[in-house]
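For reference, start-v3.cif (mmCIF, N, CA and C atoms and all ligand atoms; chains and numbers go by the auth columns):
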```cif
data_model
#
loop_
_atom_site.group_PDB
_atom_site.id
_atom_site.type_symbol
_atom_site.label_atom_id
_atom_site.label_comp_id
_atom_site.label_asym_id
_atom_site.label_seq_id
_atom_site.Cartn_x
_atom_site.Cartn_y
_atom_site.Cartn_z
_atom_site.B_iso_or_equiv
_atom_site.auth_seq_id
_atom_site.auth_asym_id
ATOM 1 N N MET A 1 0.858 -1.206 0.000 0.00 1181 A
ATOM 2 C CA MET A 1 0.000 0.000 0.000 0.00 1181 A
ATOM 3 C C MET A 1 0.888 1.249 0.000 0.00 1181 A
ATOM 4 N N MET A 2 0.495 2.184 -0.826 0.00 1182 A
ATOM 5 C CA MET A 2 1.276 3.405 -0.950 0.00 1182 A
ATOM 6 C C MET A 2 0.723 4.467 -0.020 0.00 1182 A
ATOM 7 N N LEU A 3 1.515 4.854 0.944 0.00 1183 A
ATOM 8 C CA LEU A 3 1.079 5.867 1.886 0.00 1183 A
ATOM 9 C C LEU A 3 2.078 7.011 1.873 0.00 1183 A
ATOM 10 N N ILE A 4 1.600 8.189 1.526 0.00 1184 A
ATOM 11 C CA ILE A 4 2.480 9.352 1.544 0.00 1184 A
ATOM 12 C C ILE A 4 1.944 10.362 2.542 0.00 1184 A
ATOM 13 N N HIS A 5 2.805 10.736 3.448 0.00 1185 A
ATOM 14 C CA HIS A 5 2.379 11.659 4.486 0.00 1185 A
ATOM 15 C C HIS A 5 3.311 12.858 4.528 0.00 1185 A
ATOM 16 N N ARG A 6 2.890 13.840 5.278 0.00 1186 A
ATOM 17 C CA ARG A 6 3.727 15.029 5.432 0.00 1186 A
ATOM 18 C C ARG A 6 5.003 14.660 6.164 0.00 1186 A
ATOM 19 N N HIS A 7 6.095 15.286 5.750 0.00 1187 A
ATOM 20 C CA HIS A 7 7.375 15.054 6.388 0.00 1187 A
ATOM 21 C C HIS A 7 7.301 15.461 7.858 0.00 1187 A
ATOM 22 N N GLY A 8 7.816 14.582 8.728 0.00 1188 A
ATOM 23 C CA GLY A 8 7.816 14.888 10.154 0.00 1188 A
ATOM 24 C C GLY A 8 6.553 14.449 10.870 0.00 1188 A
ATOM 25 N N SER A 9 5.592 13.897 10.113 0.00 1189 A
ATOM 26 C CA SER A 9 4.370 13.431 10.746 0.00 1189 A
ATOM 27 C C SER A 9 4.627 12.067 11.382 0.00 1189 A
ATOM 28 N N PRO A 10 3.873 11.729 12.432 0.00 1190 A
ATOM 29 C CA PRO A 10 4.079 10.446 13.111 0.00 1190 A
ATOM 30 C C PRO A 10 3.582 9.278 12.264 0.00 1190 A
ATOM 31 N N CYS A 11 3.810 8.063 12.763 0.00 1191 A
ATOM 32 C CA CYS A 11 3.376 6.857 12.065 0.00 1191 A
ATOM 33 C C CYS A 11 1.869 6.925 11.814 0.00 1191 A
ATOM 34 N N PRO A 12 1.430 6.726 10.564 0.00 1192 A
ATOM 35 C CA PRO A 12 -0.007 6.834 10.238 0.00 1192 A
ATOM 36 C C PRO A 12 -0.826 5.697 10.842 0.00 1192 A
ATOM 37 N N PHE A 13 -0.149 4.631 11.275 0.00 1193 A
ATOM 38 C CA PHE A 13 -0.878 3.481 11.801 0.00 1193 A
ATOM 39 C C PHE A 13 -1.015 3.541 13.323 0.00 1193 A
ATOM 40 N N CYS A 14 0.111 3.763 14.021 0.00 1194 A
ATOM 41 C CA CYS A 14 0.050 3.724 15.478 0.00 1194 A
ATOM 42 C C CYS A 14 0.339 5.090 16.099 0.00 1194 A
ATOM 43 N N SER A 15 0.610 6.081 15.268 0.00 1195 A
ATOM 44 C CA SER A 15 0.765 7.474 15.719 0.00 1195 A
ATOM 45 C C SER A 15 1.991 7.732 16.575 0.00 1195 A
ATOM 46 N N THR A 16 2.935 6.793 16.605 0.00 1196 A
ATOM 47 C CA THR A 16 4.149 7.050 17.358 0.00 1196 A
ATOM 48 C C THR A 16 5.112 7.901 16.524 0.00 1196 A
ATOM 49 N N SER A 17 5.954 8.622 17.236 0.00 1197 A
ATOM 50 C CA SER A 17 6.968 9.410 16.534 0.00 1197 A
ATOM 51 C C SER A 17 8.274 8.627 16.409 0.00 1197 A
ATOM 52 N N ASP A 18 8.251 7.390 16.887 0.00 1198 A
ATOM 53 C CA ASP A 18 9.450 6.553 16.883 0.00 1198 A
ATOM 54 C C ASP A 18 9.622 5.902 15.514 0.00 1198 A
ATOM 55 N N VAL A 19 9.931 6.733 14.536 0.00 1199 A
ATOM 56 C CA VAL A 19 10.124 6.235 13.175 0.00 1199 A
ATOM 57 C C VAL A 19 11.534 6.559 12.721 0.00 1199 A
ATOM 58 N N ARG A 20 12.022 5.797 11.767 0.00 1200 A
ATOM 59 C CA ARG A 20 13.359 6.055 11.249 0.00 1200 A
ATOM 60 C C ARG A 20 13.304 6.048 9.733 0.00 1200 A
ATOM 61 N N PRO A 21 14.232 6.790 9.109 0.00 1201 A
ATOM 62 C CA PRO A 21 14.277 6.763 7.643 0.00 1201 A
ATOM 63 C C PRO A 21 14.615 5.355 7.170 0.00 1201 A
ATOM 64 N N SER A 22 14.025 4.944 6.081 0.00 1202 A
ATOM 65 C CA SER A 22 14.244 3.614 5.531 0.00 1202 A
ATOM 66 C C SER A 22 15.102 3.727 4.284 0.00 1202 A
ATOM 67 N N ARG A 23 15.855 2.663 4.013 0.00 1203 A
ATOM 68 C CA ARG A 23 16.703 2.691 2.822 0.00 1203 A
ATOM 69 C C ARG A 23 15.841 2.509 1.576 0.00 1203 A
ATOM 70 N N PRO A 24 15.988 3.411 0.597 0.00 1204 A
ATOM 71 C CA PRO A 24 15.158 3.279 -0.617 0.00 1204 A
ATOM 72 C C PRO A 24 15.439 1.970 -1.337 0.00 1204 A
ATOM 73 N N ARG A 25 14.412 1.328 -1.832 0.00 1205 A
ATOM 74 C CA ARG A 25 14.530 0.096 -2.602 0.00 1205 A
ATOM 75 C C ARG A 25 14.412 0.401 -4.085 0.00 1205 A
ATOM 76 N N ARG A 26 15.115 -0.328 -4.871 0.00 1206 A
ATOM 77 C CA ARG A 26 15.014 -0.265 -6.335 0.00 1206 A
ATOM 78 C C ARG A 26 14.838 1.162 -6.881 0.00 1206 A
ATOM 79 N N LEU A 27 13.661 1.473 -7.335 0.00 1207 A
ATOM 80 C CA LEU A 27 13.448 2.758 -8.002 0.00 1207 A
ATOM 81 C C LEU A 27 12.953 3.836 -7.044 0.00 1207 A
ATOM 82 N N GLU A 28 12.980 3.562 -5.755 0.00 1208 A
ATOM 83 C CA GLU A 28 12.454 4.535 -4.809 0.00 1208 A
ATOM 84 C C GLU A 28 13.314 5.783 -4.724 0.00 1208 A
ATOM 85 N N TRP A 29 14.556 5.670 -5.190 0.00 1209 A
ATOM 86 C CA TRP A 29 15.409 6.866 -5.177 0.00 1209 A
ATOM 87 C C TRP A 29 14.846 7.931 -6.114 0.00 1209 A
ATOM 88 N N LEU A 30 14.062 7.463 -7.104 0.00 1210 A
ATOM 89 C CA LEU A 30 13.411 8.423 -8.002 0.00 1210 A
ATOM 90 C C LEU A 30 12.430 9.293 -7.226 0.00 1210 A
ATOM 91 N N LEU A 31 11.749 8.664 -6.255 0.00 1211 A
ATOM 92 C CA LEU A 31 10.822 9.416 -5.422 0.00 1211 A
ATOM 93 C C LEU A 31 11.581 10.457 -4.612 0.00 1211 A
ATOM 94 N N GLY A 32 12.839 10.121 -4.289 0.00 1212 A
ATOM 95 C CA GLY A 32 13.672 11.049 -3.537 0.00 1212 A
ATOM 96 C C GLY A 32 13.865 12.361 -4.283 0.00 1212 A
ATOM 97 N N LEU A 33 13.844 12.285 -5.614 0.00 1213 A
ATOM 98 C CA LEU A 33 13.957 13.499 -6.425 0.00 1213 A
ATOM 99 C C LEU A 33 12.756 14.403 -6.189 0.00 1213 A
ATOM 100 N N LEU A 34 11.635 13.789 -5.791 0.00 1214 A
ATOM 101 C CA LEU A 34 10.415 14.552 -5.536 0.00 1214 A
ATOM 102 C C LEU A 34 10.255 14.840 -4.050 0.00 1214 A
ATOM 103 N N SER A 35 11.342 14.657 -3.289 0.00 1215 A
ATOM 104 C CA SER A 35 11.319 14.882 -1.836 0.00 1215 A
ATOM 105 C C SER A 35 10.375 13.919 -1.123 0.00 1215 A
ATOM 106 N N ILE A 36 10.144 12.758 -1.722 0.00 1216 A
ATOM 107 C CA ILE A 36 9.359 11.705 -1.067 0.00 1216 A
ATOM 108 C C ILE A 36 10.346 10.651 -0.576 0.00 1216 A
ATOM 109 N N ARG A 37 10.352 10.409 0.750 0.00 1217 A
ATOM 110 C CA ARG A 37 11.329 9.489 1.316 0.00 1217 A
ATOM 111 C C ARG A 37 10.659 8.400 2.158 0.00 1217 A
ATOM 112 N N PRO A 38 11.169 7.161 2.037 0.00 1218 A
ATOM 113 C CA PRO A 38 10.582 6.070 2.814 0.00 1218 A
ATOM 114 C C PRO A 38 10.977 6.138 4.285 0.00 1218 A
ATOM 115 N N HIS A 39 10.053 5.792 5.147 0.00 1219 A
ATOM 116 C CA HIS A 39 10.304 5.710 6.579 0.00 1219 A
ATOM 117 C C HIS A 39 9.734 4.394 7.091 0.00 1219 A
ATOM 118 N N ARG A 40 10.276 3.939 8.230 0.00 1220 A
ATOM 119 C CA ARG A 40 9.719 2.751 8.836 0.00 1220 A
ATOM 120 C C ARG A 40 9.474 3.001 10.310 0.00 1220 A
ATOM 121 N N CYS A 41 8.292 2.580 10.770 0.00 1221 A
ATOM 122 C CA CYS A 41 7.930 2.729 12.166 0.00 1221 A
ATOM 123 C C CYS A 41 8.638 1.648 12.978 0.00 1221 A
ATOM 124 N N ARG A 42 9.229 2.061 14.112 0.00 1222 A
ATOM 125 C CA ARG A 42 9.930 1.085 14.938 0.00 1222 A
ATOM 126 C C ARG A 42 8.967 0.223 15.757 0.00 1222 A
ATOM 127 N N LEU A 43 7.768 0.707 15.967 0.00 1223 A
ATOM 128 C CA LEU A 43 6.810 -0.026 16.797 0.00 1223 A
ATOM 129 C C LEU A 43 6.019 -1.062 15.986 0.00 1223 A
ATOM 130 N N CYS A 44 5.305 -0.594 14.952 0.00 1224 A
ATOM 131 C CA CYS A 44 4.439 -1.516 14.201 0.00 1224 A
ATOM 132 C C CYS A 44 5.083 -1.950 12.891 0.00 1224 A
ATOM 133 N N ASN A 45 6.302 -1.428 12.622 0.00 1225 A
ATOM 134 C CA ASN A 45 7.055 -1.863 11.447 0.00 1225 A
ATOM 135 C C ASN A 45 6.403 -1.458 10.121 0.00 1225 A
ATOM 136 N N LEU A 46 5.450 -0.551 10.161 0.00 1226 A
ATOM 137 C CA LEU A 46 4.807 -0.084 8.939 0.00 1226 A
ATOM 138 C C LEU A 46 5.795 0.755 8.130 0.00 1226 A
ATOM 139 N N ARG A 47 5.802 0.518 6.825 0.00 1227 A
ATOM 140 C CA ARG A 47 6.666 1.303 5.958 0.00 1227 A
ATOM 141 C C ARG A 47 5.794 2.290 5.213 0.00 1227 A
ATOM 142 N N TYR A 48 6.203 3.543 5.201 0.00 1228 A
ATOM 143 C CA TYR A 48 5.410 4.543 4.517 0.00 1228 A
ATOM 144 C C TYR A 48 6.337 5.631 3.982 0.00 1228 A
ATOM 145 N N TRP A 49 5.771 6.548 3.230 0.00 1229 A
ATOM 146 C CA TRP A 49 6.570 7.603 2.614 0.00 1229 A
ATOM 147 C C TRP A 49 6.127 8.963 3.136 0.00 1229 A
ATOM 148 N N THR A 50 7.094 9.851 3.209 0.00 1230 A
ATOM 149 C CA THR A 50 6.743 11.210 3.596 0.00 1230 A
ATOM 150 C C THR A 50 7.160 12.164 2.487 0.00 1230 A
ATOM 151 N N LEU A 51 6.376 13.205 2.343 0.00 1231 A
ATOM 152 C CA LEU A 51 6.680 14.250 1.365 0.00 1231 A
ATOM 153 C C LEU A 51 7.101 15.497 2.119 0.00 1231 A
ATOM 154 N N ASN A 52 8.308 15.940 1.845 0.00 1232 A
ATOM 155 C CA ASN A 52 8.788 17.166 2.466 0.00 1232 A
ATOM 156 C C ASN A 52 8.457 18.347 1.572 0.00 1232 A
ATOM 157 N N LEU A 53 7.446 19.081 1.968 0.00 1233 A
ATOM 158 C CA LEU A 53 6.974 20.184 1.122 0.00 1233 A
ATOM 159 C C LEU A 53 7.990 21.311 1.042 0.00 1233 A
ATOM 160 N N ARG A 54 8.816 21.435 2.082 0.00 1234 A
ATOM 161 C CA ARG A 54 9.801 22.526 2.076 0.00 1234 A
ATOM 162 C C ARG A 54 10.878 22.311 1.034 0.00 1234 A
ATOM 163 N N THR A 55 11.260 21.035 0.873 0.00 1235 A
ATOM 164 C CA THR A 55 12.338 20.770 -0.077 0.00 1235 A
ATOM 165 C C THR A 55 11.808 20.274 -1.416 0.00 1235 A
ATOM 166 N N ALA A 56 10.477 20.098 -1.504 0.00 1236 A
ATOM 167 C CA ALA A 56 9.907 19.679 -2.785 0.00 1236 A
ATOM 168 C C ALA A 56 10.261 20.725 -3.841 0.00 1236 A
ATOM 169 N N PRO A 57 10.815 20.295 -4.957 0.00 1237 A
ATOM 170 C CA PRO A 57 11.264 21.255 -5.977 0.00 1237 A
ATOM 171 C C PRO A 57 10.097 22.050 -6.545 0.00 1237 A
ATOM 172 N N ARG A 58 10.354 23.328 -6.745 0.00 1238 A
ATOM 173 C CA ARG A 58 9.311 24.191 -7.312 0.00 1238 A
ATOM 174 C C ARG A 58 8.992 23.788 -8.736 0.00 1238 A
ATOM 175 N N LEU A 59 9.982 23.226 -9.399 0.00 1239 A
ATOM 176 C CA LEU A 59 9.773 22.769 -10.768 0.00 1239 A
ATOM 177 C C LEU A 59 8.684 21.713 -10.789 0.00 1239 A
ATOM 178 N N LEU A 60 8.745 20.813 -9.801 0.00 1240 A
ATOM 179 C CA LEU A 60 7.752 19.753 -9.709 0.00 1240 A
ATOM 180 C C LEU A 60 6.368 20.353 -9.525 0.00 1240 A
ATOM 181 N N LEU A 61 6.302 21.349 -8.657 0.00 1241 A
ATOM 182 C CA LEU A 61 5.029 22.017 -8.396 0.00 1241 A
ATOM 183 C C LEU A 61 4.478 22.599 -9.689 0.00 1241 A
ATOM 184 N N ALA A 62 5.364 23.238 -10.459 0.00 1242 A
ATOM 185 C CA ALA A 62 4.960 23.830 -11.735 0.00 1242 A
ATOM 186 C C ALA A 62 4.454 22.748 -12.671 0.00 1242 A
ATOM 187 N N VAL A 63 5.131 21.606 -12.701 0.00 1243 A
ATOM 188 C CA VAL A 63 4.729 20.491 -13.570 0.00 1243 A
ATOM 189 C C VAL A 63 3.358 19.986 -13.157 0.00 1243 A
ATOM 190 N N VAL A 64 3.146 19.856 -11.847 0.00 1244 A
ATOM 191 C CA VAL A 64 1.861 19.371 -11.336 0.00 1244 A
ATOM 192 C C VAL A 64 0.748 20.342 -11.707 0.00 1244 A
ATOM 193 N N VAL A 65 1.017 21.642 -11.539 0.00 1245 A
ATOM 194 C CA VAL A 65 0.009 22.658 -11.866 0.00 1245 A
ATOM 195 C C VAL A 65 -0.306 22.630 -13.359 0.00 1245 A
ATOM 196 N N LEU A 66 0.732 22.537 -14.179 0.00 1246 A
ATOM 197 C CA LEU A 66 0.544 22.490 -15.620 0.00 1246 A
ATOM 198 C C LEU A 66 -0.212 21.229 -16.026 0.00 1246 A
ATOM 199 N N ALA A 67 0.136 20.105 -15.399 0.00 1247 A
ATOM 200 C CA ALA A 67 -0.550 18.844 -15.694 0.00 1247 A
ATOM 201 C C ALA A 67 -2.018 18.954 -15.309 0.00 1247 A
ATOM 202 N N GLY A 68 -2.279 19.573 -14.167 0.00 1248 A
ATOM 203 C CA GLY A 68 -3.658 19.767 -13.714 0.00 1248 A
ATOM 204 C C GLY A 68 -4.423 20.651 -14.682 0.00 1248 A
ATOM 205 N N ALA A 69 -3.791 21.722 -15.132 0.00 1249 A
ATOM 206 C CA ALA A 69 -4.428 22.643 -16.079 0.00 1249 A
ATOM 207 C C ALA A 69 -4.683 21.917 -17.399 0.00 1249 A
ATOM 208 N N GLY A 70 -3.717 21.099 -17.834 0.00 1250 A
ATOM 209 C CA GLY A 70 -3.861 20.331 -19.063 0.00 1250 A
ATOM 210 C C GLY A 70 -5.015 19.347 -18.959 0.00 1250 A
ATOM 211 N N LEU A 71 -5.104 18.689 -17.799 0.00 1251 A
ATOM 212 C CA LEU A 71 -6.165 17.725 -17.552 0.00 1251 A
ATOM 213 C C LEU A 71 -7.526 18.408 -17.583 0.00 1251 A
ATOM 214 N N LEU A 72 -7.578 19.577 -16.969 0.00 1252 A
ATOM 215 C CA LEU A 72 -8.822 20.351 -16.925 0.00 1252 A
ATOM 216 C C LEU A 72 -9.242 20.745 -18.336 0.00 1252 A
ATOM 217 N N LEU A 73 -8.263 21.201 -19.125 0.00 1253 A
ATOM 218 C CA LEU A 73 -8.522 21.594 -20.502 0.00 1253 A
ATOM 219 C C LEU A 73 -9.034 20.401 -21.306 0.00 1253 A
ATOM 220 N N TRP A 74 -8.361 19.246 -21.115 0.00 1254 A
ATOM 221 C CA TRP A 74 -8.757 18.018 -21.809 0.00 1254 A
ATOM 222 C C TRP A 74 -10.190 17.656 -21.432 0.00 1254 A
ATOM 223 N N TRP A 75 -10.483 17.766 -20.137 0.00 1255 A
ATOM 224 C CA TRP A 75 -11.823 17.413 -19.655 0.00 1255 A
ATOM 225 C C TRP A 75 -12.870 18.343 -20.266 0.00 1255 A
ATOM 226 N N MET A 76 -12.550 19.645 -20.341 0.00 1256 A
ATOM 227 C CA MET A 76 -13.486 20.614 -20.905 0.00 1256 A
ATOM 228 C C MET A 76 -13.727 20.332 -22.382 0.00 1256 A
ATOM 229 N N LEU A 77 -12.642 20.015 -23.107 0.00 1257 A
ATOM 230 C CA LEU A 77 -12.774 19.710 -24.533 0.00 1257 A
ATOM 231 C C LEU A 77 -13.595 18.443 -24.740 0.00 1257 A
ATOM 232 N N THR A 78 -13.353 17.439 -23.892 0.00 1258 A
ATOM 233 C CA THR A 78 -14.099 16.177 -23.982 0.00 1258 A
ATOM 234 C C THR A 78 -15.571 16.421 -23.700 0.00 1258 A
ATOM 235 N N ALA A 79 -15.842 17.213 -22.659 0.00 1259 A
ATOM 236 C CA ALA A 79 -17.222 17.515 -22.289 0.00 1259 A
ATOM 237 C C ALA A 79 -17.913 18.274 -23.419 0.00 1259 A
ATOM 238 N N ALA A 80 -17.189 19.218 -24.043 0.00 1260 A
ATOM 239 C CA ALA A 80 -17.745 19.999 -25.149 0.00 1260 A
ATOM 240 C C ALA A 80 -18.039 19.094 -26.336 0.00 1260 A
ATOM 241 N N ALA A 81 -17.128 18.149 -26.603 0.00 1261 A
ATOM 242 C CA ALA A 81 -17.309 17.209 -27.715 0.00 1261 A
ATOM 243 C C ALA A 81 -18.511 16.316 -27.466 0.00 1261 A
ATOM 244 N N LEU A 82 -18.669 15.888 -26.224 0.00 1262 A
ATOM 245 C CA LEU A 82 -19.800 15.019 -25.888 0.00 1262 A
ATOM 246 C C LEU A 82 -21.114 15.766 -26.033 0.00 1262 A
ATOM 247 N N MET A 83 -21.071 17.045 -25.610 0.00 1263 A
ATOM 248 C CA MET A 83 -22.287 17.840 -25.684 0.00 1263 A
ATOM 249 C C MET A 83 -22.666 18.128 -27.137 0.00 1263 A
ATOM 250 N N GLY A 84 -21.615 18.220 -28.007 0.00 1264 A
ATOM 251 C CA GLY A 84 -21.859 18.517 -29.397 0.00 1264 A
ATOM 252 C C GLY A 84 -22.350 17.306 -30.184 0.00 1264 A
ATOM 253 N N THR A 85 -22.207 16.111 -29.591 0.00 1265 A
ATOM 254 C CA THR A 85 -22.645 14.892 -30.271 0.00 1265 A
ATOM 255 C C THR A 85 -24.160 14.718 -30.167 0.00 1265 A
ATOM 256 N N PRO A 86 -24.834 14.627 -31.300 0.00 1266 A
ATOM 257 C CA PRO A 86 -26.306 14.466 -31.209 0.00 1266 A
ATOM 258 C C PRO A 86 -26.682 13.077 -30.682 0.00 1266 A
ATOM 259 N N GLY A 87 -27.782 13.000 -30.060 0.00 1267 A
ATOM 260 C CA GLY A 87 -28.274 11.747 -29.528 0.00 1267 A
ATOM 261 C C GLY A 87 -27.809 11.539 -28.125 0.00 1267 A
HETATM 262 ZN ZN ZN B . 3.583 2.596 13.753 0.00 1 B
#
```

Render the structure in this file as structure tokens.
Amino acid sequence: MMLIHRHGSPCPFCSTSDVRPSRPRRLEWLLGLLSIRPHRCRLCNLRYWTLNLRTAPRLLLAVVVLAGAGLLLWWMLTAAALMGTPG
């Protein structure tokens, strides 16, 4: 299960702050580029990811905003096309 939480937040399962950074597996270092880092809870052993908004690259934010705007535009065009279809 993919769980992404705010950086510095406690364990999402047992709410303890006794968590430690986890070593990224395989392609997880790519997430590190997005300031998403794996952590593991010492109590319940749950592995989850945190997103550090402070260090999240602004470029990424711009990409997300542009992607959202593109998606919205696509949705509007699709809706317009559907409305224009008779029947
Ligand atoms: Zn826990």

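Each of A:Leu1183, A:Leu1253, A:Leu1246, A:Leu1214 was compared to Asn1232 in chain A using all atoms listed in the file, and A:Leu1214 turns out to be the nearest.
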
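Interatomic distance, CA of Trp1254 in chain A against CA of Pro1237 in chain A: 25.7 Å.
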
For the contact check between chain A and ligand ZN 1 (chain B), emit one row per residue of chain A within 7 Å, containing the shortest atom pair and the distance in Å rounded to one decimal, counting only N, CA and C atoms and all ligand atoms, chain then rising number order, as CSV.
```
residue,atom,partner,partner_atom,distance
A:Pro1190,C,B:ZN1,ZN,6.8
A:Cys1191,CA,B:ZN1,ZN,4.6
A:Pro1192,N,B:ZN1,ZN,5.6
A:Phe1193,C,B:ZN1,ZN,4.7
A:Cys1194,N,B:ZN1,ZN,3.7
A:Ser1195,N,B:ZN1,ZN,4.8
A:Thr1196,N,B:ZN1,ZN,5.1
A:Arg1220,C,B:ZN1,ZN,6.8
A:Cys1221,CA,B:ZN1,ZN,4.6
A:Arg1222,N,B:ZN1,ZN,5.7
A:Leu1223,C,B:ZN1,ZN,4.9
A:Cys1224,N,B:ZN1,ZN,3.8
A:Asn1225,N,B:ZN1,ZN,5.0
A:Leu1226,N,B:ZN1,ZN,5.1
```

With DSSP run on the backbone, what are the helix (DSSP H, G or I) residues within chain A? I'd like them as a tab-separated table (two decimals) with N, CA and C atoms, in the coordinates of the input.
```
chain	number	residue	atom	x	y	z
A	1208	GLU	N	12.98	3.56	-5.76
A	1208	GLU	CA	12.45	4.54	-4.81
A	1208	GLU	C	13.31	5.78	-4.72
A	1209	TRP	N	14.56	5.67	-5.19
A	1209	TRP	CA	15.41	6.87	-5.18
A	1209	TRP	C	14.85	7.93	-6.11
A	1210	LEU	N	14.06	7.46	-7.10
A	1210	LEU	CA	13.41	8.42	-8.00
A	1210	LEU	C	12.43	9.29	-7.23
A	1211	LEU	N	11.75	8.66	-6.26
A	1211	LEU	CA	10.82	9.42	-5.42
A	1211	LEU	C	11.58	10.46	-4.61
A	1212	GLY	N	12.84	10.12	-4.29
A	1212	GLY	CA	13.67	11.05	-3.54
A	1212	GLY	C	13.86	12.36	-4.28
A	1213	LEU	N	13.84	12.28	-5.61
A	1213	LEU	CA	13.96	13.50	-6.42
A	1213	LEU	C	12.76	14.40	-6.19
A	1238	ARG	N	10.35	23.33	-6.74
A	1238	ARG	CA	9.31	24.19	-7.31
A	1238	ARG	C	8.99	23.79	-8.74
A	1239	LEU	N	9.98	23.23	-9.40
A	1239	LEU	CA	9.77	22.77	-10.77
A	1239	LEU	C	8.68	21.71	-10.79
A	1240	LEU	N	8.74	20.81	-9.80
A	1240	LEU	CA	7.75	19.75	-9.71
A	1240	LEU	C	6.37	20.35	-9.52
A	1241	LEU	N	6.30	21.35	-8.66
A	1241	LEU	CA	5.03	22.02	-8.40
A	1241	LEU	C	4.48	22.60	-9.69
A	1242	ALA	N	5.36	23.24	-10.46
A	1242	ALA	CA	4.96	23.83	-11.74
A	1242	ALA	C	4.45	22.75	-12.67
A	1243	VAL	N	5.13	21.61	-12.70
A	1243	VAL	CA	4.73	20.49	-13.57
A	1243	VAL	C	3.36	19.99	-13.16
A	1244	VAL	N	3.15	19.86	-11.85
A	1244	VAL	CA	1.86	19.37	-11.34
A	1244	VAL	C	0.75	20.34	-11.71
A	1245	VAL	N	1.02	21.64	-11.54
A	1245	VAL	CA	0.01	22.66	-11.87
A	1245	VAL	C	-0.31	22.63	-13.36
A	1246	LEU	N	0.73	22.54	-14.18
A	1246	LEU	CA	0.54	22.49	-15.62
A	1246	LEU	C	-0.21	21.23	-16.03
A	1247	ALA	N	0.14	20.10	-15.40
A	1247	ALA	CA	-0.55	18.84	-15.69
A	1247	ALA	C	-2.02	18.95	-15.31
A	1248	GLY	N	-2.28	19.57	-14.17
A	1248	GLY	CA	-3.66	19.77	-13.71
A	1248	GLY	C	-4.42	20.65	-14.68
A	1249	ALA	N	-3.79	21.72	-15.13
A	1249	ALA	CA	-4.43	22.64	-16.08
A	1249	ALA	C	-4.68	21.92	-17.40
A	1250	GLY	N	-3.72	21.10	-17.83
A	1250	GLY	CA	-3.86	20.33	-19.06
A	1250	GLY	C	-5.01	19.35	-18.96
A	1251	LEU	N	-5.10	18.69	-17.80
A	1251	LEU	CA	-6.16	17.73	-17.55
A	1251	LEU	C	-7.53	18.41	-17.58
A	1252	LEU	N	-7.58	19.58	-16.97
A	1252	LEU	CA	-8.82	20.35	-16.92
A	1252	LEU	C	-9.24	20.74	-18.34
A	1253	LEU	N	-8.26	21.20	-19.12
A	1253	LEU	CA	-8.52	21.59	-20.50
A	1253	LEU	C	-9.03	20.40	-21.31
A	1254	TRP	N	-8.36	19.25	-21.12
A	1254	TRP	CA	-8.76	18.02	-21.81
A	1254	TRP	C	-10.19	17.66	-21.43
A	1255	TRP	N	-10.48	17.77	-20.14
A	1255	TRP	CA	-11.82	17.41	-19.66
A	1255	TRP	C	-12.87	18.34	-20.27
A	1256	MET	N	-12.55	19.64	-20.34
A	1256	MET	CA	-13.49	20.61	-20.90
A	1256	MET	C	-13.73	20.33	-22.38
A	1257	LEU	N	-12.64	20.02	-23.11
A	1257	LEU	CA	-12.77	19.71	-24.53
A	1257	LEU	C	-13.60	18.44	-24.74
A	1258	THR	N	-13.35	17.44	-23.89
A	1258	THR	CA	-14.10	16.18	-23.98
A	1258	THR	C	-15.57	16.42	-23.70
A	1259	ALA	N	-15.84	17.21	-22.66
A	1259	ALA	CA	-17.22	17.52	-22.29
A	1259	ALA	C	-17.91	18.27	-23.42
A	1260	ALA	N	-17.19	19.22	-24.04
A	1260	ALA	CA	-17.74	20.00	-25.15
A	1260	ALA	C	-18.04	19.09	-26.34
A	1261	ALA	N	-17.13	18.15	-26.60
A	1261	ALA	CA	-17.31	17.21	-27.72
A	1261	ALA	C	-18.51	16.32	-27.47
A	1262	LEU	N	-18.67	15.89	-26.22
A	1262	LEU	CA	-19.80	15.02	-25.89
A	1262	LEU	C	-21.11	15.77	-26.03
A	1263	MET	N	-21.07	17.05	-25.61
A	1263	MET	CA	-22.29	17.84	-25.68
A	1263	MET	C	-22.67	18.13	-27.14
A	1264	GLY	N	-21.62	18.22	-28.01
A	1264	GLY	CA	-21.86	18.52	-29.40
A	1264	GLY	C	-22.35	17.31	-30.18
```

One decimal place gives the CA of Thr1235 in chain A-CA of Ala1249 in chain A separation as 23.3 Å

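Of the listed residues (A:Ser1189, A:Thr1230, A:Ala1261, A:Leu1241), A:Thr1230 comes nearest to Ile1216 in chain A; the distances count all atoms listed in the file.
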
For Pro1201 in chain A, work out the shell of residues within 7 Å, counting all atoms listed in the file and skipping chain neighbours fewer than 5 positions away, then give it as a compact mmCIF listing (two decimals) with N, CA and C atoms, keeping the file's coordinate frame.
```txt
# COMPACT_ATOMS: atom_id res chain seq x y z
N ARG A 1217 10.35 10.41 0.75
CA ARG A 1217 11.33 9.49 1.32
C ARG A 1217 10.66 8.40 2.16
N PRO A 1218 11.17 7.16 2.04
CA PRO A 1218 10.58 6.07 2.81
C PRO A 1218 10.98 6.14 4.28
N HIS A 1219 10.05 5.79 5.15
CA HIS A 1219 10.30 5.71 6.58
C HIS A 1219 9.73 4.39 7.09
N ARG A 1220 10.28 3.94 8.23
CA ARG A 1220 9.72 2.75 8.84
C ARG A 1220 9.47 3.00 10.31
```

To test the calculation: enclose all listed atoms of range 1240-1245 of chain A in a box whose edges run along x, y and z, add 3 Å on each side, then state centre and edge lengths in Å to one decimal, as JSON.
```
{"center_x": 4.2, "center_y": 21.6, "center_z": -11.0, "size_x": 15.1, "size_y": 10.5, "size_z": 11.2}
```
